[in-house]
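J.: Structure file entry-v3.txt (compact mmCIF, C-alpha atoms and all ligand atoms) right here:
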```txt
# COMPACT_ATOMS: atom_id res chain seq x y z
CA MET B 1 58.03 50.35 62.15
CA THR B 2 61.70 50.06 61.34
CA LEU B 3 64.55 52.04 62.85
CA GLU B 4 65.70 55.10 60.99
CA HIS B 5 68.70 54.34 58.82
CA VAL B 6 71.84 56.47 58.48
CA THR B 7 75.25 56.05 56.89
CA ALA B 8 78.38 56.69 58.93
CA THR B 9 80.51 59.45 57.47
CA ARG B 10 83.29 59.69 60.05
CA PHE B 11 84.70 57.69 62.91
CA VAL B 12 85.32 60.23 65.67
CA ALA B 13 86.80 58.22 68.55
CA PRO B 14 86.51 54.91 70.37
CA LEU B 15 84.66 54.98 73.73
CA ARG B 16 87.19 53.01 75.68
CA GLU B 17 85.14 52.77 78.86
CA GLY B 18 82.65 50.49 77.12
CA GLY B 19 83.44 46.77 77.33
CA SER B 20 82.41 46.20 73.71
CA MET B 21 84.43 49.22 72.55
CA PRO B 22 81.63 51.25 71.05
CA GLY B 23 82.71 54.21 68.95
CA LEU B 24 81.50 57.70 68.36
CA VAL B 25 80.54 58.26 64.73
CA GLU B 26 79.11 61.06 62.65
CA ALA B 27 76.45 60.19 60.12
CA ASP B 28 74.97 61.61 56.95
CA ASP B 29 71.95 63.02 58.83
CA LEU B 30 74.39 65.33 60.72
CA GLY B 31 73.78 63.23 63.83
CA THR B 32 76.41 61.93 66.24
CA TYR B 33 75.92 58.38 67.48
CA VAL B 34 77.46 55.93 69.87
CA CYS B 35 77.94 53.07 67.46
CA LYS B 36 77.68 49.49 68.73
CA PHE B 37 79.53 47.41 66.21
CA ARG B 38 78.21 44.21 64.70
CA GLY B 39 81.74 42.83 64.67
CA ALA B 40 82.26 43.19 68.44
CA GLY B 41 82.97 40.02 70.40
CA GLN B 42 79.53 39.89 72.05
CA GLY B 43 77.91 39.29 68.67
CA LEU B 44 74.64 40.21 67.03
CA PRO B 45 72.28 39.10 69.87
CA VAL B 46 73.54 42.05 71.93
CA LEU B 47 72.30 44.44 69.24
CA VAL B 48 68.95 42.65 69.19
CA ALA B 49 68.65 43.04 72.96
CA GLU B 50 69.48 46.75 72.67
CA VAL B 51 66.62 47.33 70.23
CA ILE B 52 63.99 45.24 72.01
CA VAL B 53 64.71 46.51 75.51
CA SER B 54 64.93 50.11 74.32
CA GLY B 55 61.44 49.72 72.87
CA LEU B 56 60.15 48.21 76.10
CA ALA B 57 61.69 51.06 78.10
CA GLU B 58 59.83 53.54 75.90
CA ALA B 59 56.58 51.65 76.45
CA LEU B 60 57.12 52.02 80.21
CA GLY B 61 57.70 55.76 79.88
CA LEU B 62 61.43 55.48 80.58
CA ARG B 63 63.93 57.68 78.76
CA THR B 64 66.43 55.98 76.52
CA PRO B 65 68.28 57.47 73.54
CA ARG B 66 66.81 57.16 70.05
CA LEU B 67 68.23 54.26 68.05
CA VAL B 68 69.15 54.09 64.38
CA THR B 69 70.81 51.56 62.14
CA VAL B 70 74.21 52.78 60.98
CA ASP B 71 75.57 51.61 57.67
CA LEU B 72 79.31 51.29 57.81
CA THR B 73 81.05 51.36 54.47
CA GLU B 74 84.70 50.79 53.69
CA PRO B 75 86.21 54.32 53.54
CA ILE B 76 85.40 55.27 57.15
CA ALA B 77 88.13 53.04 58.59
CA ARG B 78 90.89 54.49 56.44
CA TYR B 79 92.20 57.14 58.82
CA GLU B 80 92.03 55.15 62.05
CA ALA B 81 95.55 54.42 63.27
CA ASP B 82 94.67 52.11 66.17
CA GLU B 83 94.85 48.54 64.93
CA GLU B 84 92.29 47.16 67.35
CA VAL B 85 89.78 49.79 66.21
CA GLN B 86 90.72 49.21 62.58
CA ASP B 87 90.00 45.47 62.98
CA LEU B 88 86.67 46.14 64.66
CA LEU B 89 85.61 48.55 61.93
CA ASN B 90 86.67 46.14 59.22
CA ALA B 91 84.68 43.36 60.88
CA SER B 92 81.63 45.62 61.06
CA LEU B 93 80.90 46.55 57.48
CA GLY B 94 77.13 46.59 57.02
CA LEU B 95 74.44 47.37 59.58
CA ASN B 96 75.46 48.51 63.06
CA LEU B 97 73.48 50.05 65.90
CA GLY B 98 73.57 53.79 66.50
CA VAL B 99 72.57 55.23 69.86
CA ASP B 100 71.87 58.94 69.79
CA PHE B 101 74.79 60.61 71.59
CA LEU B 102 73.70 62.65 74.62
CA PRO B 103 76.27 65.47 74.71
CA GLY B 104 77.32 66.61 78.16
CA SER B 105 75.62 63.72 79.92
CA PHE B 106 77.32 62.21 82.95
CA GLY B 107 77.19 58.92 84.79
CA PHE B 108 74.55 58.45 87.47
CA ASP B 109 75.71 58.53 91.09
CA ALA B 110 74.22 58.37 94.55
CA ALA B 111 74.00 62.14 94.85
CA PHE B 112 71.30 62.24 92.19
CA THR B 113 67.67 62.01 93.31
CA VAL B 114 65.43 59.87 91.13
CA ASP B 115 61.67 60.02 90.95
CA PRO B 116 60.58 56.90 92.94
CA SER B 117 58.12 55.73 90.31
CA TYR B 118 60.74 56.15 87.59
CA ALA B 119 63.23 54.15 89.65
CA ALA B 120 60.68 51.43 90.36
CA ARG B 121 59.74 51.12 86.67
CA THR B 122 63.42 50.84 85.79
CA ILE B 123 63.83 47.98 88.26
CA TRP B 124 60.70 46.32 86.91
CA LEU B 125 62.07 46.53 83.36
CA ASP B 126 65.46 45.14 84.37
CA ALA B 127 63.79 42.27 86.22
CA TYR B 128 61.48 41.52 83.30
CA VAL B 129 64.25 41.35 80.69
CA ALA B 130 66.72 39.86 83.21
CA ASN B 131 69.23 42.66 82.75
CA VAL B 132 72.31 41.96 84.84
CA ASP B 133 74.14 45.17 84.03
CA ARG B 134 72.88 48.00 86.21
CA SER B 135 75.01 47.85 89.34
CA TRP B 136 76.85 50.61 91.21
CA ARG B 137 79.99 49.46 89.45
CA ASN B 138 78.33 49.90 86.08
CA PRO B 139 75.02 51.79 86.39
CA ASN B 140 74.40 52.26 82.67
CA LEU B 141 72.31 55.28 83.58
CA LEU B 142 73.17 58.73 82.27
CA VAL B 143 71.99 62.04 83.64
CA TRP B 144 71.20 64.45 80.86
CA HIS B 145 69.35 67.78 81.12
CA GLY B 146 68.42 66.85 84.67
CA ASP B 147 66.81 63.51 83.78
CA VAL B 148 67.91 59.91 84.08
CA TRP B 149 68.37 58.05 80.78
CA LEU B 150 68.74 54.29 80.43
CA ILE B 151 71.55 53.06 78.17
CA ASP B 152 73.24 49.76 77.37
CA HIS B 153 70.55 47.08 77.30
CA GLY B 154 72.85 44.47 75.75
CA ALA B 155 73.15 42.28 78.85
CA SER B 156 69.43 41.44 78.76
CA LEU B 157 67.52 38.52 77.21
CA TYR B 158 70.41 36.24 77.90
CA PHE B 159 68.45 33.21 76.67
CA HIS B 160 69.18 34.05 73.05
CA HIS B 161 72.85 33.19 73.50
CA GLY B 162 71.63 29.61 73.86
CA TRP B 163 69.92 29.60 70.48
CA THR B 164 72.76 27.90 68.69
CA ASN B 165 71.18 24.70 67.39
CA ALA B 166 67.54 25.39 68.18
CA VAL B 167 65.34 27.94 69.87
CA THR B 168 65.20 26.95 73.54
CA ASP B 169 62.09 26.51 75.69
CA ALA B 170 60.37 29.73 76.79
CA GLY B 171 59.28 28.19 80.11
CA ARG B 172 62.71 28.44 81.62
CA PHE B 173 63.05 32.16 80.93
CA ALA B 174 59.48 32.73 82.16
CA GLU B 175 60.44 31.36 85.57
CA GLN B 176 64.04 32.54 85.75
CA PRO B 177 64.61 34.43 89.00
CA TRP B 178 66.32 37.81 88.99
CA SER B 179 68.43 39.27 91.75
CA ALA B 180 68.03 42.93 92.67
CA GLU B 181 70.87 42.78 95.16
CA ASP B 182 73.48 44.72 93.20
CA HIS B 183 71.03 47.01 91.43
CA VAL B 184 72.02 50.67 91.42
CA LEU B 185 68.44 51.67 92.31
CA SER B 186 67.91 49.00 94.99
CA ALA B 187 66.94 51.75 97.48
CA TYR B 188 63.65 51.90 95.57
CA LEU B 189 62.85 48.19 95.68
CA ALA B 190 59.91 48.70 98.03
CA GLN B 191 58.25 50.83 95.35
CA VAL B 192 58.23 48.11 92.68
CA GLY B 193 55.06 46.40 93.88
CA ALA B 194 53.08 49.60 93.40
CA VAL B 195 54.05 49.95 89.73
CA ALA B 196 54.20 46.27 88.76
CA ASP B 197 50.65 45.85 87.43
CA ASP B 198 50.83 49.05 85.40
CA CYS B 199 54.18 48.01 83.94
CA ALA B 200 52.89 44.58 82.94
CA ALA B 201 49.79 46.19 81.42
CA ALA B 202 51.95 48.58 79.38
CA VAL B 203 53.74 45.64 77.75
CA THR B 204 50.82 44.63 75.55
CA ASP B 205 50.97 41.96 72.86
CA ASP B 206 50.96 44.75 70.28
CA VAL B 207 53.89 46.48 71.97
CA LEU B 208 55.90 43.25 71.96
CA THR B 209 55.17 42.58 68.31
CA GLU B 210 55.96 46.14 67.28
CA VAL B 211 59.18 46.36 69.28
CA VAL B 212 60.48 43.04 67.98
CA ALA B 213 59.59 44.13 64.44
CA ARG B 214 62.11 46.97 64.77
CA VAL B 215 65.02 44.51 64.75
CA PRO B 216 66.54 44.32 61.27
CA ASP B 217 66.68 40.91 59.56
CA GLU B 218 70.47 41.21 59.31
CA TRP B 219 70.85 40.79 63.07
CA LEU B 220 68.40 37.91 63.38
CA VAL B 221 70.82 35.11 62.66
CA GLY B 222 70.10 31.78 64.33
CA PRO B 223 68.85 28.24 63.91
CA VAL B 224 65.68 29.52 62.21
CA GLY B 225 64.88 32.47 59.97
CA PRO B 226 64.32 36.09 61.05
CA GLU B 227 60.53 35.87 61.19
CA GLU B 228 60.64 32.73 63.36
CA LEU B 229 63.20 34.34 65.62
CA ARG B 230 60.97 37.40 66.00
CA ALA B 231 58.09 35.12 66.93
CA ALA B 232 60.32 33.38 69.48
CA TYR B 233 61.22 36.67 71.17
CA VAL B 234 57.52 37.53 71.43
CA THR B 235 56.76 34.07 72.86
CA PHE B 236 59.54 34.34 75.46
CA LEU B 237 58.57 37.84 76.57
CA THR B 238 54.88 36.98 76.66
CA ALA B 239 55.56 33.90 78.78
CA ARG B 240 57.62 35.88 81.29
CA ARG B 241 55.01 38.64 81.48
CA ASP B 242 52.15 36.19 82.00
CA GLY B 243 53.84 33.59 84.20
CA SER B 244 54.20 33.37 87.95
CA ARG B 245 56.42 36.49 88.02
CA ILE B 246 58.79 34.80 90.38
CA TRP B 247 61.30 37.29 88.95
CA LEU B 248 59.50 40.26 90.43
CA PRO B 249 61.55 41.73 93.29
CA GLY B 250 59.71 41.27 96.56
CA ARG B 251 57.61 38.43 95.25
CA SER B 252 60.31 35.80 94.81
CA ALA B 253 60.80 35.48 98.57
CA ALA B 254 57.18 34.46 99.09
N1 LIG K 1 74.00 57.73 74.09
C1 LIG K 1 75.08 58.06 74.78
N2 LIG K 1 75.40 59.36 75.02
C2 LIG K 1 76.50 59.68 75.72
N3 LIG K 1 77.38 58.79 76.23
C3 LIG K 1 77.12 57.48 76.03
C4 LIG K 1 75.97 57.05 75.31
N4 LIG K 1 75.99 55.69 75.26
C5 LIG K 1 77.09 55.31 75.92
N5 LIG K 1 77.78 56.38 76.39
C6 LIG K 1 79.05 56.33 77.16
O1 LIG K 1 79.83 55.24 76.71
C7 LIG K 1 79.98 54.26 77.76
C8 LIG K 1 79.90 52.87 77.17
O2 LIG K 1 78.63 52.68 76.58
P1 LIG K 1 77.82 51.35 76.85
O3 LIG K 1 77.68 51.11 78.30
O4 LIG K 1 76.57 51.44 76.07
O5 LIG K 1 78.82 50.31 76.18
P2 LIG K 1 79.20 48.80 76.52
O6 LIG K 1 80.35 48.44 75.68
O7 LIG K 1 78.00 47.99 76.43
O8 LIG K 1 79.69 48.96 78.01
P3 LIG K 1 79.82 47.97 79.24
O9 LIG K 1 79.51 46.59 78.79
O10 LIG K 1 81.22 48.20 79.68
O11 LIG K 1 78.82 48.51 80.20
C9 LIG K 1 78.88 54.59 78.76
O12 LIG K 1 79.21 54.19 80.05
C10 LIG K 1 78.78 56.10 78.64
O13 LIG K 1 79.78 56.73 79.38
MG MG K 2 77.78 50.02 79.79
```
Render the structure in this file as structure tokens.
T.:
Amino acid sequence: MTLEHVTATRFVAPLREGGSMPGLVEADDLGTYVCKFRGAGQGLPVLVAEVIVSGLAEALGLRTPRLVTVDLTEPIARYEADEEVQDLLNASLGLNLGVDFLPGSFGFDAAFTVDPSYAARTIWLDAYVANVDRSWRNPNLLVWHGDVWLIDHGASLYFHHGWTNAVTDAGRFAEQPWSAEDHVLSAYLAQVGAVADDCAAAVTDDVLTEVVARVPDEWLVGPVGPEELRAAYVTFLTARRDGSRIWLPGRSAA
């Protein structure tokens, strides 16, 4: 399955609170998307992480906005006065990531009560993909229509930033510890053990293959071709799922 594909028709505004300066765009399907640009400083691996981790979140029954690929063509940048935005748009012609915009959503805060199982599965996911970006400072959780939605998965799967000359060894990622200390849902850490086996069981080999297959070839740029990179992602995620799970909160202390 590939992601649905749309073409951007209008740049609405930059989202300045985002570190990568995502932008709000309208597309030819009448949708409004938070666009994560291929030309942003963090590079293409961040877009790959977004797609893979979004798919894993879905497999765990966690809410995360629908993703599309957004084609950016020349004319959209024409009316943007801000030079920084203009440069980013010009560097991003081609395929970008679109995250379905959740209108009226607001940032998660301590006043909001989360279902304990939902919170525990979120922690499990973050530990599994080694996401370092879900702290109180930057929760990357939105509340929309009374539910918690996971956004911004780009700071996961950090290992791929090391794939410059060759694909690295999966063993290291499999055993890489993960700290839950700063996690925005750390109040629910005691619940993680109860959901851990179900979460691991939900990430089947088929799920991994299918989720990785959603990543477009254009973003799979590395020391080997797109198909080999896809296989490497599956190998890394399989190894971490099936290893000692030293990364599982509560287990690492043992
Ligand atoms: N799908 C969405 N619907 C509504 N608002 C969104 C959506 N995605 C992102 N936002 C808003 O835009 C902000 C930046 O988005 P996001 O965190 O994905 O970008 P980022 O550049 O990776 O940010 P950072 O690295 O600073 O966390 C979010 O904190 C949120 O306020
Ligand atoms: Mg963010």
J.: Set the cut-off to 6 Å, count all atoms listed in the file, and list whatever residues fall near ligand MG 2 (chain K) as an mmCIF file with C-alpha atoms, in the coordinates of the input.
T.:
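Saved as out_1.cif:
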```cif
data_model
loop_
_atom_site.group_PDB
_atom_site.id
_atom_site.type_symbol
_atom_site.label_atom_id
_atom_site.label_comp_id
_atom_site.auth_asym_id
_atom_site.auth_seq_id
_atom_site.Cartn_x
_atom_site.Cartn_y
_atom_site.Cartn_z
ATOM 1 C CA GLY B 18 82.650 50.490 77.120
ATOM 2 C CA ASN B 140 74.400 52.260 82.670
ATOM 3 C CA ASP B 152 73.240 49.760 77.370
#
```
J.: Write out as AutoDock Vina command-line options an axis-aligned box for ligand LIG 1 (chain K): all of its atoms listed in the file, 4 Å added on each side, centre and edge lengths in Å with one decimal.
T.:
```
--center_x 77.6 --center_y 53.1 --center_z 77.1 --size_x 15.2 --size_y 21.1 --size_z 14.1
```
J.: Could you tell me, counting only C-alpha atoms and all ligand atoms, which protein and nucleic acid residues lie no more than 8 Å from ligand LIG 1 (chain K), written as number ranges by chain?
T.: B: 15-22, 33-34, 36, 65, 99-107, 133, 138-142, 151-155
J.: Could you check which of B:Pro14, B:Gln42, B:Thr164, B:Arg121 is closest to Val224 of chain B, using only C-alpha atoms?
T.: B:Thr164
J.: Please report the interatomic distance between atom CA of Pro177 of chain B and atom CA of Ala201 of chain B in Å with one decimal.
T.: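 Separating atom CA of Pro177 of chain B from atom CA of Ala201 of chain B is a distance of 20.4 Å.
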J.: Using all atoms listed in the file, which residue out of B:Ala174, B:Val48, B:Leu125, B:Ala194 lies closest to Leu220 of chain B?
T.: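 Looking only at the distances to Leu220 of chain B, the closest residue turns out to be B:Val48.
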J.: Between B:Val203, B:Leu72, B:Ile123, B:Leu56, single out the one closest to Ser179 of chain B, counting all atoms listed in the file.
T.: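 Distance minimum relative to Ser179 of chain B lands on B:Ile123.
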J.: Near Leu3 of chain B, counting all atoms listed in the file, which residues have an atom at most 8 Å away, once you skip same-chain residues fewer than 6 positions from it, shown as a PDB file with C-alpha atoms, keeping the file's coordinate frame?
T.:
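Saved as around-v5.pdb:
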```
ATOM      1  CA  LEU B  67      68.230  54.260  68.050  1.00  0.00           C
ATOM      2  CA  VAL B  68      69.150  54.090  64.380  1.00  0.00           C
ATOM      3  CA  THR B  69      70.810  51.560  62.140  1.00  0.00           C
ATOM      4  CA  ARG B 214      62.110  46.970  64.770  1.00  0.00           C
ATOM      5  CA  VAL B 215      65.020  44.510  64.750  1.00  0.00           C
TER       6      VAL B 215
END
```
J.: Work out how far apart atom CA of Leu248 of chain B and atom CA of Ala127 of chain B are and give it in Å to one decimal.
T.: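 Atom-to-atom, atom CA of Leu248 of chain B and atom CA of Ala127 of chain B are spaced 6.3 Å apart.
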J.: When distances are computed from all atoms listed in the file, which of B:Ala213, B:Val148, B:Leu95, B:Ala196 shows the smallest separation from Leu44 of chain B?
T.: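 Checking each of B:Ala213, B:Val148, B:Leu95, B:Ala196 against Leu44 of chain B, counting all atoms listed in the file, the winner is B:Leu95.
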